Amino acid sequence: MVIKTDLCNYTEYRIYPGHGQKFVAKDGKVHFFITAKADSLFHQRIKPVKLRWTQAWRRMNKKGKVEEGAKKRTRKVAKFQKAIVGMTLDDIKKKKAQKPELRQAAKEAAAKEAKARAAQKPKAAAKASTKAAAKPKSQAKVPKGAAAGGGGAKKDFKGKK
């Protein structure tokens, strides 16, 4: 014969027929407590996790149910490679397959090219500055406050000089 048992909402112990107390809240939720002690603690809003004799505390502190064979196994993370901006996955694989000497030579060639480009930029900037110096400027830039006779001093947030 099967006996219908309920679980206590507070202690999570089994409640057999003829035992326990039901409490129906204003919202219609039904709570079933094994003893008046559990009922009282529930209404005092004392968390069952903080009481050592409740199942909630035992669960939180990993007491009982010793299952050593069912421990979690950590999975090894599989290495995954994806394309980056400017290179497809095939290009990356080809570069990895190259011999280190070839890769080093290509790196040095790219560095030389970048240095040559950087050396050309100052020359172009120098030519532009000589042309600009040849043209006379009609008026020098003057800060707004200095033109009006205000002294041109910067003000901080509070308006003090």
# chains A, B, ... in the order shown; residues from 1 in each chain; ligands from 1

call {"tool": "residues_around", "arguments": {"residues": "Thr5 of chain A", "least_positions_apart": "5", "cutoff": "12 Å", "atoms": "only C-alpha atoms", "output": "ChimeraX atom specification"}}
result
/A:12-20,32,34

call {"tool": "residues_around", "arguments": {"residues": "Ala38 of chain A", "least_positions_apart": "5", "cutoff": "7 Å", "atoms": "only C-alpha atoms", "output": "VMD selection string"}}
result
chain A and resid 10 to 11 33

call {"tool": "residues_around", "arguments": {"residues": "Met60 of chain A", "least_positions_apart": "4", "cutoff": "10 Å", "atoms": "only C-alpha atoms", "output": "PyMOL selection string"}}
result
chain A and resi 49-50+55-56

call {"tool": "write_last_selection", "arguments": {"atoms": "all heavy atoms", "output": "mmCIF file, in the first residue's frame"}}
result
data_model
loop_
_atom_site.group_PDB
_atom_site.id
_atom_site.type_symbol
_atom_site.label_atom_id
_atom_site.label_comp_id
_atom_site.auth_asym_id
_atom_site.auth_seq_id
_atom_site.Cartn_x
_atom_site.Cartn_y
_atom_site.Cartn_z
ATOM 1 N N VAL A 49 18.068 27.933 5.449
ATOM 2 C CA VAL A 49 19.474 27.654 5.143
ATOM 3 C C VAL A 49 20.360 27.927 6.354
ATOM 4 O O VAL A 49 21.422 27.335 6.509
ATOM 5 C CB VAL A 49 19.917 28.522 3.937
ATOM 6 C CG1 VAL A 49 21.393 28.365 3.648
ATOM 7 C CG2 VAL A 49 19.111 28.150 2.713
ATOM 8 N N LYS A 50 19.886 28.798 7.251
ATOM 9 C CA LYS A 50 20.704 29.172 8.405
ATOM 10 C C LYS A 50 20.532 28.233 9.592
ATOM 11 O O LYS A 50 21.237 28.372 10.590
ATOM 12 C CB LYS A 50 20.360 30.599 8.828
ATOM 13 C CG LYS A 50 20.696 31.596 7.726
ATOM 14 C CD LYS A 50 20.810 32.981 8.229
ATOM 15 C CE LYS A 50 21.310 33.869 7.095
ATOM 16 N NZ LYS A 50 21.675 35.180 7.556
ATOM 17 N N GLN A 55 16.934 20.545 5.785
ATOM 18 C CA GLN A 55 17.522 19.940 4.589
ATOM 19 C C GLN A 55 18.210 20.999 3.727
ATOM 20 O O GLN A 55 19.192 20.711 3.058
ATOM 21 C CB GLN A 55 16.443 19.216 3.769
ATOM 22 C CG GLN A 55 15.909 17.966 4.425
ATOM 23 C CD GLN A 55 17.001 16.945 4.677
ATOM 24 O OE1 GLN A 55 17.838 16.675 3.827
ATOM 25 N NE2 GLN A 55 17.003 16.369 5.868
ATOM 26 N N ALA A 56 17.692 22.220 3.751
ATOM 27 C CA ALA A 56 18.292 23.297 2.959
ATOM 28 C C ALA A 56 19.725 23.559 3.411
ATOM 29 O O ALA A 56 20.627 23.734 2.579
ATOM 30 C CB ALA A 56 17.448 24.567 3.080
#

call {"tool": "select_by_dssp", "arguments": {"residues": "segment 5-138 of chain A", "states": "alpha helix (DSSP H)", "output": "ChimeraX atom specification"}}
result
/A:36-43,55-60,89-97,100-134

call {"tool": "atom_distance", "arguments": {"atom1": "atom CA of Lys112 of chain A", "atom2": "atom CA of Ala83 of chain A"}}
result
26.5 Å

call {"tool": "atom_distance", "arguments": {"atom1": "atom CA of Phe23 of chain A", "atom2": "atom CA of Thr35 of chain A"}}
result
11.7 Å

call {"tool": "atom_distance", "arguments": {"atom1": "atom CA of Leu41 of chain A", "atom2": "atom CA of Trp53 of chain A"}}
result
12.6 Å
